[in-house]
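Shown next: coords.cif, given as mmCIF, C-alpha atoms.
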data_protein
#
loop_
_atom_site.label_atom_id
_atom_site.label_comp_id
_atom_site.auth_asym_id
_atom_site.auth_seq_id
_atom_site.Cartn_x
_atom_site.Cartn_y
_atom_site.Cartn_z
CA MET A 20 -44.35 -4.62 3.28
CA THR A 21 -43.98 -2.32 0.33
CA GLU A 22 -44.64 -3.13 -3.31
CA LYS A 23 -40.88 -3.28 -3.84
CA HIS A 24 -40.52 -5.87 -1.03
CA TYR A 25 -43.38 -7.88 -2.49
CA ASN A 26 -41.76 -7.93 -5.93
CA GLU A 27 -38.48 -9.04 -4.35
CA MET A 28 -40.33 -11.87 -2.59
CA VAL A 29 -41.83 -13.02 -5.88
CA THR A 30 -38.43 -12.99 -7.54
CA GLN A 31 -36.70 -14.73 -4.64
CA TYR A 32 -39.22 -17.36 -3.60
CA ALA A 33 -41.58 -18.20 -6.48
CA ASP A 34 -39.38 -20.99 -7.81
CA ASN A 35 -38.82 -22.49 -4.36
CA VAL A 36 -42.52 -22.50 -3.52
CA TYR A 37 -43.36 -23.95 -6.94
CA ARG A 38 -40.75 -26.70 -6.56
CA PHE A 39 -42.11 -27.59 -3.11
CA VAL A 40 -45.70 -27.79 -4.36
CA VAL A 41 -45.03 -29.61 -7.63
CA LYS A 42 -42.96 -32.28 -5.87
CA ASN A 43 -45.94 -32.91 -3.62
CA ILE A 44 -48.75 -33.02 -6.14
CA ARG A 45 -46.88 -33.77 -9.39
CA ASN A 46 -49.17 -31.59 -11.45
CA SER A 47 -47.55 -28.46 -12.82
CA GLU A 48 -50.77 -26.61 -13.66
CA ASP A 49 -52.26 -27.10 -10.20
CA ALA A 50 -48.89 -26.27 -8.64
CA ARG A 51 -48.84 -22.96 -10.51
CA ASP A 52 -52.35 -22.23 -9.26
CA ILE A 53 -51.34 -22.94 -5.67
CA VAL A 54 -48.28 -20.69 -5.99
CA GLN A 55 -50.44 -17.97 -7.51
CA ILE A 56 -52.93 -18.22 -4.64
CA SER A 57 -50.09 -18.10 -2.11
CA PHE A 58 -48.64 -14.91 -3.59
CA GLU A 59 -52.11 -13.41 -3.92
CA LYS A 60 -52.65 -13.98 -0.20
CA LEU A 61 -49.24 -12.46 0.53
CA TRP A 62 -50.30 -9.37 -1.40
CA LYS A 63 -53.59 -9.14 0.46
CA HIS A 64 -51.81 -9.41 3.83
CA ARG A 65 -48.78 -7.30 2.91
CA ASP A 66 -49.61 -4.71 5.59
CA THR A 67 -49.33 -7.26 8.40
CA ILE A 68 -46.32 -9.27 7.18
CA GLN A 69 -42.74 -8.17 7.69
CA PRO A 70 -40.36 -8.88 4.77
CA GLU A 71 -38.20 -11.17 6.92
CA GLN A 72 -41.28 -13.31 7.68
CA ALA A 73 -42.47 -13.54 4.09
CA LYS A 74 -40.65 -16.74 3.10
CA SER A 75 -41.97 -18.73 6.04
CA TRP A 76 -45.42 -17.22 5.59
CA LEU A 77 -45.47 -18.12 1.89
CA PHE A 78 -44.50 -21.73 2.53
CA THR A 79 -47.12 -21.95 5.29
CA VAL A 80 -49.84 -20.71 2.95
CA ALA A 81 -48.62 -22.98 0.13
CA TYR A 82 -48.59 -25.95 2.52
CA HIS A 83 -52.19 -25.28 3.59
CA GLN A 84 -53.29 -24.76 -0.02
CA LEU A 85 -51.59 -28.04 -0.87
CA ILE A 86 -53.46 -29.86 1.90
CA ASP A 87 -56.75 -28.35 0.69
CA TRP A 88 -55.96 -29.40 -2.90
CA VAL A 89 -55.21 -32.99 -1.83
CA ARG A 90 -58.41 -33.18 0.22
CA LYS A 91 -60.47 -31.75 -2.62
CA LYS A 92 -58.92 -34.15 -5.11
CA ASN A 93 -59.53 -37.13 -2.83
CA ARG A 94 -63.15 -36.07 -2.37
CA SER A 95 -63.86 -35.49 -6.03
CA SER A 96 -62.37 -38.63 -7.54
CA LEU A 97 -60.67 -41.84 -6.67
CA THR A 98 -57.44 -42.24 -8.58
CA ASP A 99 -54.86 -44.97 -8.82
CA VAL A 100 -52.06 -44.54 -6.34
CA VAL A 101 -49.88 -47.11 -8.04
CA PRO A 102 -46.43 -45.55 -8.39
CA GLU A 103 -45.13 -45.09 -11.91
CA ALA A 104 -42.31 -47.49 -12.67
CA ALA A 105 -39.14 -46.20 -14.26
CA THR A 106 -38.60 -47.68 -17.68
CA SER A 107 -35.33 -49.31 -18.65
CA SER A 108 -34.77 -46.76 -21.42
CA LEU A 109 -34.19 -43.94 -18.90
CA PHE A 110 -30.72 -43.04 -17.79
CA GLU A 111 -29.67 -44.28 -14.35
CA LYS A 112 -29.99 -40.81 -12.82
CA LYS A 113 -33.50 -40.40 -14.18
CA ALA A 114 -34.42 -43.88 -12.97
CA LEU A 115 -33.11 -43.09 -9.51
CA GLN A 116 -35.05 -39.82 -9.44
CA GLU A 117 -38.21 -41.69 -10.40
CA LYS A 118 -37.66 -44.28 -7.68
CA LEU A 119 -37.14 -41.56 -5.11
CA HIS A 120 -40.19 -39.68 -6.31
CA ASP A 121 -42.32 -42.82 -6.26
CA ALA A 122 -41.11 -43.60 -2.76
CA LEU A 123 -42.02 -40.06 -1.69
CA GLN A 124 -45.50 -40.48 -3.15
CA GLN A 125 -46.06 -43.50 -0.92
CA LEU A 126 -45.64 -41.35 2.19
CA ASN A 127 -48.65 -39.62 3.67
CA GLU A 128 -49.01 -35.91 2.90
CA VAL A 129 -47.54 -34.73 6.21
CA GLN A 130 -44.48 -36.98 5.99
CA ARG A 131 -43.90 -36.06 2.34
CA SER A 132 -44.14 -32.34 3.13
CA LEU A 133 -41.74 -32.65 6.04
CA VAL A 134 -39.14 -34.48 3.94
CA LEU A 135 -39.44 -31.94 1.14
CA LEU A 136 -39.23 -28.95 3.47
CA LYS A 137 -36.21 -30.32 5.34
CA ASP A 138 -34.23 -32.18 2.69
CA TYR A 139 -35.12 -30.26 -0.48
CA GLU A 140 -35.73 -26.75 0.81
CA GLY A 141 -33.35 -26.82 3.79
CA TYR A 142 -35.64 -25.46 6.49
CA SER A 143 -34.79 -25.91 10.16
CA TYR A 144 -37.02 -27.97 12.44
CA GLU A 145 -38.38 -24.80 14.03
CA GLU A 146 -39.20 -23.25 10.65
CA ILE A 147 -40.92 -26.43 9.52
CA GLY A 148 -42.89 -26.42 12.76
CA THR A 149 -44.03 -22.87 12.06
CA ILE A 150 -45.04 -23.76 8.51
CA THR A 151 -46.92 -26.95 9.40
CA GLY A 152 -48.25 -26.00 12.83
CA LEU A 153 -46.30 -28.78 14.55
CA HIS A 154 -43.84 -28.54 17.45
CA ALA A 155 -40.18 -28.90 16.53
CA SER A 156 -40.03 -32.17 18.48
CA GLN A 157 -43.00 -33.53 16.51
CA VAL A 158 -41.28 -32.51 13.28
CA LYS A 159 -38.17 -34.45 14.31
CA VAL A 160 -40.16 -37.58 15.18
CA TYR A 161 -42.36 -37.48 12.07
CA LEU A 162 -39.35 -36.77 9.86
CA HIS A 163 -37.44 -39.69 11.39
CA ARG A 164 -40.40 -42.01 10.75
CA ALA A 165 -40.77 -40.71 7.20
CA ARG A 166 -37.11 -41.37 6.47
CA GLN A 167 -37.39 -44.88 7.93
CA THR A 168 -40.39 -45.54 5.71
CA LEU A 169 -38.52 -44.21 2.68
CA ARG A 170 -35.54 -46.41 3.49
CA ASN A 171 -37.81 -49.47 3.77
CA ILE A 172 -39.54 -48.66 0.49
CA LEU A 173 -36.28 -48.09 -1.35
CA VAL A 174 -34.65 -51.24 0.08
CA SER A 175 -37.64 -53.36 -0.92
CA VAL A 176 -37.62 -51.81 -4.43
CA GLU A 177 -33.90 -52.51 -4.74
CA GLU A 178 -34.36 -56.15 -3.70
CA VAL A 179 -37.12 -56.63 -6.26
CA LEU A 180 -35.01 -55.09 -9.02
CA ASN A 181 -31.99 -57.29 -8.27
#

Would you mind giving the structure from this file in structure tokens?
Amino acid sequence: MTEKHYNEMVTQYADNVYRFVVKNIRNSEDARDIVQISFEKLWKHRDTIQPEQAKSWLFTVAYHQLIDWVRKKNRSSLTDVVPEAATSSLFEKKALQEKLHDALQQLNEVQRSLVLLKDYEGYSYEEIGTITGLHASQVKVYLHRARQTLRNILVSVEEVLN
């Protein structure tokens, strides 16, 4: 990969990788750090990576950095995992986004990553398998279970609100 290809990858994929990471950890500063590390690793391995593989490779590295960040955070401190409630002053769209985000936060890290990669980023099952190290069939099963869990969370939230 040439310097020109690398710069194109930064332009094309930085926002997508950032969005994927920040939706998982909900901390913009740490998300920027993870994206920076991912692109730094891409630069270091530019001789072995073909430009057409760069997107998948970047998301794979970001995913692993994300897992490491979560593990490190869980080791260093115990934090509340109580989801933030949407206040009544927010617009309906914002409230719905908060509910969806809170529901996503209740999933385990693998399920959350699978939902984000498939439904937000639009990856195929095979691509997600490559990124996460799972077989495509495992991705389908885990994604199905994650969506069922989300549905149950959202239905129970809706019943409480009504």

* To do: Check which residues satisfy the PyMOL selection byres ((chain A and resi 56-61) around 8) in the file shown, then give them as a PyMOL selection string.
  => chain A and resi 29+52-55+62-65+68+73+76-77+80-81+84

* Quick one: of A:Lys42, A:Asp49, A:Gln130, A:Ser175, who's nearest to Gln157 (chain A), counting only C-alpha atoms? ->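 Closest residue, counting only C-alpha atoms: A:Gln130.
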
* Out of A:Ile86, A:Met20, A:Ala155, A:Met28, which residue has the shortest atom-to-atom distance to Asp66 (chain A) when counting only C-alpha atoms? ->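 Among the listed residues, A:Met20 lies closest to Asp66 (chain A).
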
* With a distance cut-off of 12 Å and all atoms listed in the file, select the neighbouring residues of Arg170 (chain A), excluding the residue or stretch itself and same-chain residues fewer than 3 positions from it, and output the selection as a VMD selection string. => chain A and resid 118 to 119 122 to 123 125 to 126 163 to 167 173 to 177

* Atomic separation - CA of Ala50 (chain A) relative to CA of Tyr37 (chain A), Å ->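 A separation of 6.2 Å between them.
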
Taking all atoms of region 74-88 of chain A that appear in the file, build a box with edges along x, y and z, extend it by 8 Å on every side, and state its centre and edge lengths in Å to one decimal, as JSON.
{"center_x": -48.7, "center_y": -23.3, "center_z": 1.6, "size_x": 32.1, "size_y": 29.1, "size_z": 24.9}

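Pairwise distance (CA of Thr21 (chain A), CA of Lys74 (chain A)) equals 15.1 Å.
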
The PyMOL selection byres ((chain A and resi 39-41) around 8) resolved against shown file, as a short mmCIF file (atom, residue, chain, number, x, y, z; two decimals) with C-alpha atoms, in the coordinates of the input:
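New file out00.cif:
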data_model
loop_
_atom_site.label_atom_id
_atom_site.label_comp_id
_atom_site.auth_asym_id
_atom_site.auth_seq_id
_atom_site.Cartn_x
_atom_site.Cartn_y
_atom_site.Cartn_z
CA ASN A 35 -38.82 -22.49 -4.36
CA VAL A 36 -42.52 -22.50 -3.52
CA TYR A 37 -43.36 -23.95 -6.94
CA ARG A 38 -40.75 -26.70 -6.56
CA LYS A 42 -42.96 -32.28 -5.87
CA ASN A 43 -45.94 -32.91 -3.62
CA ILE A 44 -48.75 -33.02 -6.14
CA ARG A 45 -46.88 -33.77 -9.39
CA ASN A 46 -49.17 -31.59 -11.45
CA SER A 47 -47.55 -28.46 -12.82
CA ALA A 50 -48.89 -26.27 -8.64
CA ILE A 53 -51.34 -22.94 -5.67
CA VAL A 54 -48.28 -20.69 -5.99
CA ALA A 81 -48.62 -22.98 0.13
CA TYR A 82 -48.59 -25.95 2.52
CA LEU A 85 -51.59 -28.04 -0.87
CA LEU A 135 -39.44 -31.94 1.14
CA LEU A 136 -39.23 -28.95 3.47
CA TYR A 139 -35.12 -30.26 -0.48
CA GLU A 140 -35.73 -26.75 0.81
#

* How far is it from CA of Asn127 (chain A) to CA of His154 (chain A), in Å with one decimal? ->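 One can read the CA of Asn127 (chain A) to CA of His154 (chain A) distance as 18.3 Å.
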
* Which is closer to Leu169 (chain A) than all the others in A:Glu145, A:Glu48, A:Glu27, A:Asp121, using only C-alpha atoms? -> A:Asp121

* Run the PyMOL selection byres ((chain A and resi 148) around 12) mentally over the shown coordinates, then write out the matched residues as number ranges by chain, using the chain letters and numbers from the document. => A: 75-76, 78-79, 82, 129, 132-133, 136-137, 142-147, 149-162

Final N, CA and C atoms of region 29-45 of chain A as a PDB file, in the frame of the given file:
ATOM      1  N   VAL A  29     -41.427 -12.231  -4.709  1.00  0.00           N
ATOM      2  CA  VAL A  29     -41.830 -13.020  -5.880  1.00  0.00           C
ATOM      3  C   VAL A  29     -40.585 -13.512  -6.613  1.00  0.00           C
ATOM      4  N   THR A  30     -39.650 -12.617  -6.830  1.00  0.00           N
ATOM      5  CA  THR A  30     -38.430 -12.990  -7.540  1.00  0.00           C
ATOM      6  C   THR A  30     -37.628 -14.029  -6.765  1.00  0.00           C
ATOM      7  N   GLN A  31     -37.521 -13.841  -5.460  1.00  0.00           N
ATOM      8  CA  GLN A  31     -36.700 -14.730  -4.640  1.00  0.00           C
ATOM      9  C   GLN A  31     -37.321 -16.092  -4.387  1.00  0.00           C
ATOM     10  N   TYR A  32     -38.627 -16.147  -4.147  1.00  0.00           N
ATOM     11  CA  TYR A  32     -39.220 -17.360  -3.600  1.00  0.00           C
ATOM     12  C   TYR A  32     -40.195 -18.099  -4.499  1.00  0.00           C
ATOM     13  N   ALA A  33     -40.580 -17.537  -5.625  1.00  0.00           N
ATOM     14  CA  ALA A  33     -41.580 -18.200  -6.480  1.00  0.00           C
ATOM     15  C   ALA A  33     -41.117 -19.575  -6.927  1.00  0.00           C
ATOM     16  N   ASP A  34     -39.876 -19.686  -7.349  1.00  0.00           N
ATOM     17  CA  ASP A  34     -39.380 -20.990  -7.810  1.00  0.00           C
ATOM     18  C   ASP A  34     -39.310 -22.010  -6.686  1.00  0.00           C
ATOM     19  N   ASN A  35     -38.900 -21.569  -5.505  1.00  0.00           N
ATOM     20  CA  ASN A  35     -38.820 -22.490  -4.360  1.00  0.00           C
ATOM     21  C   ASN A  35     -40.202 -22.998  -3.946  1.00  0.00           C
ATOM     22  N   VAL A  36     -41.164 -22.102  -3.894  1.00  0.00           N
ATOM     23  CA  VAL A  36     -42.520 -22.500  -3.520  1.00  0.00           C
ATOM     24  C   VAL A  36     -43.089 -23.440  -4.583  1.00  0.00           C
ATOM     25  N   TYR A  37     -42.873 -23.100  -5.853  1.00  0.00           N
ATOM     26  CA  TYR A  37     -43.360 -23.950  -6.940  1.00  0.00           C
ATOM     27  C   TYR A  37     -42.747 -25.351  -6.854  1.00  0.00           C
ATOM     28  N   ARG A  38     -41.438 -25.407  -6.645  1.00  0.00           N
ATOM     29  CA  ARG A  38     -40.750 -26.700  -6.560  1.00  0.00           C
ATOM     30  C   ARG A  38     -41.309 -27.536  -5.399  1.00  0.00           C
ATOM     31  N   PHE A  39     -41.540 -26.904  -4.267  1.00  0.00           N
ATOM     32  CA  PHE A  39     -42.110 -27.590  -3.110  1.00  0.00           C
ATOM     33  C   PHE A  39     -43.490 -28.161  -3.442  1.00  0.00           C
ATOM     34  N   VAL A  40     -44.332 -27.365  -4.057  1.00  0.00           N
ATOM     35  CA  VAL A  40     -45.700 -27.790  -4.360  1.00  0.00           C
ATOM     36  C   VAL A  40     -45.726 -28.863  -5.444  1.00  0.00           C
ATOM     37  N   VAL A  41     -44.985 -28.658  -6.518  1.00  0.00           N
ATOM     38  CA  VAL A  41     -45.030 -29.610  -7.630  1.00  0.00           C
ATOM     39  C   VAL A  41     -44.470 -30.968  -7.231  1.00  0.00           C
ATOM     40  N   LYS A  42     -43.496 -30.997  -6.333  1.00  0.00           N
ATOM     41  CA  LYS A  42     -42.960 -32.280  -5.870  1.00  0.00           C
ATOM     42  C   LYS A  42     -43.994 -33.017  -5.016  1.00  0.00           C
ATOM     43  N   ASN A  43     -44.898 -32.289  -4.417  1.00  0.00           N
ATOM     44  CA  ASN A  43     -45.940 -32.910  -3.620  1.00  0.00           C
ATOM     45  C   ASN A  43     -47.099 -33.431  -4.454  1.00  0.00           C
ATOM     46  N   ILE A  44     -47.535 -32.638  -5.419  1.00  0.00           N
ATOM     47  CA  ILE A  44     -48.750 -33.020  -6.140  1.00  0.00           C
ATOM     48  C   ILE A  44     -48.484 -33.529  -7.550  1.00  0.00           C
ATOM     49  N   ARG A  45     -47.305 -33.268  -8.074  1.00  0.00           N
ATOM     50  CA  ARG A  45     -46.880 -33.770  -9.390  1.00  0.00           C
ATOM     51  C   ARG A  45     -47.828 -33.357 -10.524  1.00  0.00           C
TER      52      ARG A  45
END
